[in-house]
file input-v3.cif (mmCIF, C-alpha atoms)
data_target
#
loop_
_atom_site.group_PDB
_atom_site.id
_atom_site.type_symbol
_atom_site.label_atom_id
_atom_site.label_comp_id
_atom_site.auth_asym_id
_atom_site.auth_seq_id
_atom_site.Cartn_x
_atom_site.Cartn_y
_atom_site.Cartn_z
ATOM 1 C CA MET S 22 13.044 11.711 3.307
ATOM 2 C CA GLN S 23 16.211 13.593 4.220
ATOM 3 C CA ARG S 24 14.504 16.788 3.069
ATOM 4 C CA GLY S 25 11.555 16.133 5.360
ATOM 5 C CA ARG S 26 9.282 14.811 2.621
ATOM 6 C CA ILE S 27 7.623 11.428 2.768
ATOM 7 C CA SER S 28 8.490 9.060 -0.052
ATOM 8 C CA ALA S 29 5.690 7.775 -2.268
ATOM 9 C CA GLY S 30 7.588 4.485 -2.449
ATOM 10 C CA ASN S 31 8.610 2.736 -5.641
ATOM 11 C CA ALA S 32 5.131 1.608 -6.718
ATOM 12 C CA LEU S 33 3.102 4.813 -6.974
ATOM 13 C CA HIS S 34 2.628 4.355 -10.723
ATOM 14 C CA LEU S 35 1.637 0.725 -10.217
ATOM 15 C CA ALA S 36 -0.978 1.822 -7.672
ATOM 16 C CA ARG S 37 -2.377 4.359 -10.120
ATOM 17 C CA TYR S 38 -2.580 1.773 -12.913
ATOM 18 C CA LEU S 39 -4.332 -0.657 -10.547
ATOM 19 C CA THR S 40 -6.859 1.965 -9.495
ATOM 20 C CA ALA S 41 -7.611 2.781 -13.120
ATOM 21 C CA GLY S 42 -7.817 -0.902 -14.074
ATOM 22 C CA GLU S 43 -5.164 -0.348 -16.743
ATOM 23 C CA TRP S 44 -4.065 -3.991 -16.821
ATOM 24 C CA GLN S 45 -1.745 -3.712 -19.808
ATOM 25 C CA ARG S 46 0.148 -0.933 -18.027
ATOM 26 C CA VAL S 47 0.175 -2.961 -14.785
ATOM 27 C CA ASP S 48 1.628 -5.922 -16.679
ATOM 28 C CA SER S 49 4.226 -3.794 -18.453
ATOM 29 C CA TRP S 50 5.247 -1.983 -15.254
ATOM 30 C CA LEU S 51 5.610 -5.264 -13.365
ATOM 31 C CA ARG S 52 7.559 -6.868 -16.209
ATOM 32 C CA SER S 53 10.040 -3.974 -16.114
ATOM 33 C CA ALA S 54 10.399 -4.157 -12.322
ATOM 34 C CA ILE S 55 10.861 -7.933 -12.390
ATOM 35 C CA ASP S 56 13.386 -7.744 -15.234
ATOM 36 C CA ALA S 57 15.365 -5.098 -13.331
ATOM 37 C CA ALA S 58 15.387 -7.282 -10.206
ATOM 38 C CA ARG S 59 16.464 -10.366 -12.144
ATOM 39 C CA SER S 60 19.250 -8.445 -13.890
ATOM 40 C CA ARG S 61 20.647 -7.734 -10.420
ATOM 41 C CA SER S 62 20.284 -11.397 -9.362
ATOM 42 C CA CYS S 63 17.499 -10.534 -6.896
ATOM 43 C CA GLU S 64 15.136 -13.289 -5.879
ATOM 44 C CA THR S 65 12.726 -11.009 -4.032
ATOM 45 C CA LEU S 66 11.043 -7.823 -5.187
ATOM 46 C CA LEU S 67 9.599 -5.317 -2.701
ATOM 47 C CA LEU S 68 6.959 -2.967 -4.078
ATOM 48 C CA SER S 69 6.141 -0.119 -1.740
ATOM 49 C CA SER S 70 3.529 2.629 -1.769
ATOM 50 C CA GLU S 71 0.892 3.704 0.704
ATOM 51 C CA TRP S 72 -1.319 4.222 -2.363
ATOM 52 C CA LEU S 73 -1.421 0.454 -2.897
ATOM 53 C CA LEU S 74 -3.871 0.111 0.014
ATOM 54 C CA GLY S 75 -6.666 1.916 -1.785
ATOM 55 C CA SER S 76 -5.844 0.280 -5.107
ATOM 56 C CA ALA S 77 -5.688 -3.266 -3.770
ATOM 57 C CA ALA S 78 -8.892 -2.770 -1.776
ATOM 58 C CA GLU S 79 -10.930 -2.252 -4.936
ATOM 59 C CA SER S 80 -12.954 -5.293 -5.959
ATOM 60 C CA GLY S 81 -10.987 -7.744 -8.101
ATOM 61 C CA ARG S 82 -7.826 -5.615 -8.232
ATOM 62 C CA LEU S 83 -5.690 -7.710 -5.886
ATOM 63 C CA GLU S 84 -6.791 -10.953 -7.553
ATOM 64 C CA GLU S 85 -5.771 -9.634 -10.965
ATOM 65 C CA LEU S 86 -2.482 -8.264 -9.619
ATOM 66 C CA ALA S 87 -1.687 -11.686 -8.116
ATOM 67 C CA ARG S 88 -2.588 -13.391 -11.400
ATOM 68 C CA ILE S 89 -0.239 -11.102 -13.341
ATOM 69 C CA LEU S 90 2.577 -11.560 -10.819
ATOM 70 C CA LYS S 91 2.197 -15.335 -11.001
ATOM 71 C CA SER S 92 2.268 -15.183 -14.803
ATOM 72 C CA HIS S 93 5.700 -13.553 -14.440
ATOM 73 C CA GLY S 94 6.912 -16.345 -12.171
ATOM 74 C CA ALA S 95 6.102 -15.105 -8.662
ATOM 75 C CA LEU S 96 6.008 -18.032 -6.280
ATOM 76 C CA THR S 97 5.098 -16.129 -3.126
ATOM 77 C CA ILE S 98 3.107 -12.909 -2.871
ATOM 78 C CA GLU S 99 2.911 -11.166 0.490
ATOM 79 C CA LEU S 100 1.442 -7.860 1.509
ATOM 80 C CA LEU S 101 3.168 -6.211 4.438
ATOM 81 C CA MET S 102 0.998 -3.568 6.023
ATOM 82 C CA ILE S 103 2.455 -1.319 8.680
ATOM 83 C CA LEU S 104 -0.349 0.379 10.577
ATOM 84 C CA ARG S 105 -0.201 3.299 12.943
ATOM 85 C CA ASP S 106 -2.182 3.370 16.151
ATOM 86 C CA PRO S 107 -5.720 4.029 14.827
ATOM 87 C CA PRO S 108 -6.636 7.063 16.992
ATOM 88 C CA GLY S 109 -3.251 8.703 16.383
ATOM 89 C CA GLN S 110 -3.496 8.033 12.648
ATOM 90 C CA LEU S 111 -7.024 9.456 12.512
ATOM 91 C CA ILE S 112 -6.045 12.668 14.308
ATOM 92 C CA SER S 113 -2.865 13.100 12.260
ATOM 93 C CA LEU S 114 -4.712 12.610 8.990
ATOM 94 C CA TYR S 115 -7.457 15.020 10.022
ATOM 95 C CA LYS S 116 -4.933 17.697 11.038
ATOM 96 C CA HIS S 117 -3.153 17.283 7.702
ATOM 97 C CA ARG S 118 -6.429 17.725 5.812
ATOM 98 C CA ALA S 119 -7.576 20.577 8.049
ATOM 99 C CA LYS S 120 -4.388 22.567 7.347
ATOM 100 C CA ALA S 121 -5.397 22.677 3.716
ATOM 101 C CA GLY S 122 -8.916 23.730 4.731
ATOM 102 C CA SER S 123 -10.416 20.845 2.808
ATOM 103 C CA VAL S 124 -12.476 19.086 5.502
ATOM 104 C CA PRO S 125 -15.513 19.790 7.658
ATOM 105 C CA SER S 126 -15.451 19.509 11.460
ATOM 106 C CA ILE S 127 -13.826 16.347 12.807
ATOM 107 C CA ASP S 128 -17.125 14.806 13.952
ATOM 108 C CA GLN S 129 -18.531 15.129 10.424
ATOM 109 C CA TRP S 130 -15.318 14.005 8.745
ATOM 110 C CA VAL S 131 -14.997 10.854 10.874
ATOM 111 C CA THR S 132 -18.409 9.634 9.724
ATOM 112 C CA LYS S 133 -18.295 10.788 6.105
ATOM 113 C CA GLY S 134 -14.704 11.411 5.014
ATOM 114 C CA TYR S 135 -12.462 9.024 6.955
ATOM 115 C CA GLU S 136 -11.924 6.142 4.528
ATOM 116 C CA LEU S 137 -9.381 3.937 6.303
ATOM 117 C CA PRO S 138 -11.803 1.598 8.137
ATOM 118 C CA ASP S 139 -13.721 0.916 4.928
ATOM 119 C CA ARG S 140 -10.520 0.425 2.926
ATOM 120 C CA LEU S 141 -9.206 -2.038 5.506
ATOM 121 C CA ARG S 142 -12.488 -3.988 5.418
ATOM 122 C CA ARG S 143 -12.404 -4.118 1.613
ATOM 123 C CA LEU S 144 -8.739 -5.128 1.635
ATOM 124 C CA ARG S 145 -9.506 -8.001 4.003
ATOM 125 C CA HIS S 146 -12.131 -9.268 1.525
ATOM 126 C CA ALA S 147 -9.701 -8.804 -1.386
ATOM 127 C CA VAL S 148 -6.971 -10.727 0.453
ATOM 128 C CA ASP S 149 -9.386 -13.565 1.193
ATOM 129 C CA ALA S 150 -10.442 -13.738 -2.472
ATOM 130 C CA SER S 151 -6.898 -13.524 -3.877
ATOM 131 C CA GLY S 152 -5.019 -16.040 -1.766
ATOM 132 C CA VAL S 153 -2.286 -13.451 -1.147
ATOM 133 C CA ASP S 154 -0.747 -13.486 2.337
ATOM 134 C CA LEU S 155 -1.321 -10.396 4.474
ATOM 135 C CA ILE S 156 1.188 -9.623 7.214
ATOM 136 C CA VAL S 157 0.351 -6.732 9.533
ATOM 137 C CA ARG S 158 2.745 -4.991 11.892
ATOM 138 C CA ALA S 159 2.344 -2.000 14.187
ATOM 139 C CA TYR S 160 4.170 1.192 13.278
ATOM 140 C CA GLY S 161 6.422 2.560 15.992
ATOM 141 C CA LYS S 162 8.008 5.996 16.223
ATOM 142 C CA GLU S 163 11.070 4.766 18.086
ATOM 143 C CA SER S 164 14.367 4.792 16.234
ATOM 144 C CA GLY S 165 14.943 1.649 14.189
ATOM 145 C CA SER S 166 11.315 0.497 14.290
ATOM 146 C CA LEU S 167 10.881 0.205 10.526
ATOM 147 C CA GLU S 168 14.294 -1.381 10.084
ATOM 148 C CA ARG S 169 13.402 -4.057 12.648
ATOM 149 C CA ILE S 170 10.124 -4.803 10.872
ATOM 150 C CA LEU S 171 11.684 -4.965 7.419
ATOM 151 C CA PHE S 172 15.020 -6.651 8.098
ATOM 152 C CA GLU S 173 14.611 -8.679 11.284
ATOM 153 C CA ASP S 174 10.947 -9.588 11.520
ATOM 154 C CA TRP S 175 9.630 -9.741 7.965
#

call {"tool": "encode", "arguments": {"input": "input-v3.cif", "output": "structure tokens"}}
result
Amino acid sequence: MQRGRISAGNALHLARYLTAGEWQRVDSWLRSAIDAARSRSCETLLLSSEWLLGSAAESGRLEELARILKSHGALTIELLMILRDPPGQLISLYKHRAKAGSVPSIDQWVTKGYELPDRLRRLRHAVDASGVDLIVRAYGKESGSLERILFEDW
């Protein structure tokens, strides 16, 4: 982040394994992460990646992830989602895609290429089916916003 790049978080590989339905790799990856946390006397493990949204929104993926986590001893499983203001997020995402020249006009893209509303709907269904707790907070640009969410609120 100091170099101006956005971090993929610590769970990008987990998200990819979930998307592919590679459950043995999911299990192995989680076992390694849990073992590393336990070796440091950690009681809580935070897995972070914006790619987890799409992965967890796929049918049955979040349920299976929760089952695997529970098999490794997880007592509480929470998803913390930090969402940007929807119109600002839409415009930012479109501009990012448009720079690469990979999208049609914005009016076409909003109806055919903008996946966030559908992913959020599918995630809501996945959360309901899995029994995992979903906590949602608003993203803020002001200094210290993420720190307040992570260390004071959540």

call {"tool": "atom_distance", "arguments": {"input": "input-v3.cif", "atom1": "atom CA of Leu137 of chain S", "atom2": "atom CA of Gly30 of chain S"}}
result
19.1 Å

call {"tool": "closest_residue", "arguments": {"input": "input-v3.cif", "among": "S:Ala54, S:Ile103, S:Ala121, S:Leu74", "to": "Glu168 of chain S", "atoms": "only C-alpha atoms"}}
result
S:Ile103

call {"tool": "residues_near_point", "arguments": {"input": "input-v3.cif", "point": "(9.0, -2.7, -3.4)", "cutoff": "10 Å", "atoms": "all atoms listed in the file", "output": "mmCIF file with C-alpha atoms, in the coordinates of the input"}}
result
data_model
loop_
_atom_site.group_PDB
_atom_site.id
_atom_site.type_symbol
_atom_site.label_atom_id
_atom_site.label_comp_id
_atom_site.auth_asym_id
_atom_site.auth_seq_id
_atom_site.Cartn_x
_atom_site.Cartn_y
_atom_site.Cartn_z
ATOM 1 C CA GLY S 30 7.588 4.485 -2.449
ATOM 2 C CA ASN S 31 8.610 2.736 -5.641
ATOM 3 C CA ALA S 32 5.131 1.608 -6.718
ATOM 4 C CA ALA S 54 10.399 -4.157 -12.322
ATOM 5 C CA THR S 65 12.726 -11.009 -4.032
ATOM 6 C CA LEU S 66 11.043 -7.823 -5.187
ATOM 7 C CA LEU S 67 9.599 -5.317 -2.701
ATOM 8 C CA LEU S 68 6.959 -2.967 -4.078
ATOM 9 C CA SER S 69 6.141 -0.119 -1.740
ATOM 10 C CA SER S 70 3.529 2.629 -1.769
#

call {"tool": "residues_around", "arguments": {"input": "input-v3.cif", "residues": "segment 159-161 of chain S", "least_positions_apart": "5", "cutoff": "8 Å", "atoms": "all atoms listed in the file", "output": "PyMOL selection string"}}
result
chain S and resi 103-106+166-167

call {"tool": "residues_around", "arguments": {"input": "input-v3.cif", "residues": "segment 50-52 of chain S", "least_positions_apart": "3", "cutoff": "8 Å", "atoms": "all atoms listed in the file", "output": "PyMOL selection string"}}
result
chain S and resi 35+46-47+55-56+90+93

call {"tool": "residues_around", "arguments": {"input": "input-v3.cif", "residues": "Arg82 of chain S", "least_positions_apart": "6", "cutoff": "8 Å", "atoms": "all atoms listed in the file", "output": "list of chain:residue names"}}
result
S:Leu39, S:Thr40, S:Gly42, S:Ser76, S:Ala147

call {"tool": "resolve_selection", "arguments": {"input": "input-v3.cif", "expression": "the PyMOL selection byres ((chain S and resi 148) around 12)", "output": "ChimeraX atom specification"}}
result
/S:74,77-87,98-101,140-147,149-156

call {"tool": "atom_distance", "arguments": {"input": "input-v3.cif", "atom1": "atom CA of Gln129 of chain S", "atom2": "atom CA of Leu73 of chain S"}}
result
26.2 Å

call {"tool": "atom_distance", "arguments": {"input": "input-v3.cif", "atom1": "atom CA of Ala36 of chain S", "atom2": "atom CA of Gly75 of chain S"}}
result
8.2 Å

call {"tool": "closest_residue", "arguments": {"input": "input-v3.cif", "among": "S:Tyr135, S:Tyr38, S:Tyr115, S:Phe172", "to": "Trp72 of chain S", "atoms": "only C-alpha atoms"}}
result
S:Tyr38

call {"tool": "axis_aligned_box", "arguments": {"input": "input-v3.cif", "around": "segment 92-99 of chain S", "padding_each_side": "8 Å", "output": "AutoDock Vina command-line options"}}
result
--center_x 4.6 --center_y -14.6 --center_z -7.2 --size_x 20.6 --size_y 22.9 --size_z 31.3

call {"tool": "decode", "arguments": {"input": "input-v3.cif", "residues": "segment 31-50 of chain S", "atoms": "N, CA and C atoms", "output": "CSV table (one decimal), in the first residue's frame"}}
result
chain,number,residue,atom,x,y,z
S,31,ASN,N,-4.8,-11.2,2.6
S,31,ASN,CA,-4.0,-12.5,2.9
S,31,ASN,C,-4.8,-13.7,2.5
S,32,ALA,N,-5.9,-13.6,1.9
S,32,ALA,CA,-6.7,-14.8,1.5
S,32,ALA,C,-7.1,-14.8,0.0
S,33,LEU,N,-6.2,-14.3,-0.8
S,33,LEU,CA,-6.5,-14.3,-2.3
S,33,LEU,C,-6.5,-15.8,-2.7
S,34,HIS,N,-5.5,-16.6,-2.3
S,34,HIS,CA,-5.4,-18.0,-2.7
S,34,HIS,C,-6.6,-18.7,-2.2
S,35,LEU,N,-7.1,-18.5,-1.0
S,35,LEU,CA,-8.3,-19.1,-0.5
S,35,LEU,C,-9.5,-18.8,-1.4
S,36,ALA,N,-9.6,-17.5,-1.7
S,36,ALA,CA,-10.7,-17.1,-2.6
S,36,ALA,C,-10.7,-17.9,-3.9
S,37,ARG,N,-9.5,-18.0,-4.5
S,37,ARG,CA,-9.4,-18.7,-5.7
S,37,ARG,C,-9.8,-20.2,-5.6
S,38,TYR,N,-9.3,-20.8,-4.5
S,38,TYR,CA,-9.7,-22.2,-4.3
S,38,TYR,C,-11.2,-22.4,-4.1
S,39,LEU,N,-11.8,-21.4,-3.3
S,39,LEU,CA,-13.2,-21.5,-3.1
S,39,LEU,C,-14.0,-21.4,-4.5
S,40,THR,N,-13.6,-20.4,-5.3
S,40,THR,CA,-14.2,-20.2,-6.6
S,40,THR,C,-14.1,-21.5,-7.4
S,41,ALA,N,-13.0,-22.2,-7.4
S,41,ALA,CA,-12.8,-23.4,-8.2
S,41,ALA,C,-13.4,-24.6,-7.5
S,42,GLY,N,-13.9,-24.5,-6.3
S,42,GLY,CA,-14.4,-25.6,-5.6
S,42,GLY,C,-13.4,-26.7,-5.3
S,43,GLU,N,-12.1,-26.2,-5.1
S,43,GLU,CA,-11.0,-27.1,-4.8
S,43,GLU,C,-11.0,-27.3,-3.2
S,44,TRP,N,-11.8,-28.1,-2.7
S,44,TRP,CA,-12.1,-28.2,-1.3
S,44,TRP,C,-10.9,-28.8,-0.5
S,45,GLN,N,-10.1,-29.7,-1.1
S,45,GLN,CA,-8.9,-30.2,-0.5
S,45,GLN,C,-7.9,-29.1,-0.3
S,46,ARG,N,-7.8,-28.2,-1.3
S,46,ARG,CA,-6.8,-27.1,-1.2
S,46,ARG,C,-7.4,-26.0,-0.2
S,47,VAL,N,-8.7,-25.8,-0.1
S,47,VAL,CA,-9.3,-24.9,0.8
S,47,VAL,C,-8.9,-25.4,2.2
S,48,ASP,N,-9.2,-26.7,2.5
S,48,ASP,CA,-8.9,-27.3,3.8
S,48,ASP,C,-7.4,-27.2,4.2
S,49,SER,N,-6.6,-27.5,3.2
S,49,SER,CA,-5.1,-27.4,3.5
S,49,SER,C,-4.7,-26.0,3.8
S,50,TRP,N,-5.2,-25.1,3.0
S,50,TRP,CA,-4.8,-23.7,3.2
S,50,TRP,C,-5.3,-23.2,4.5
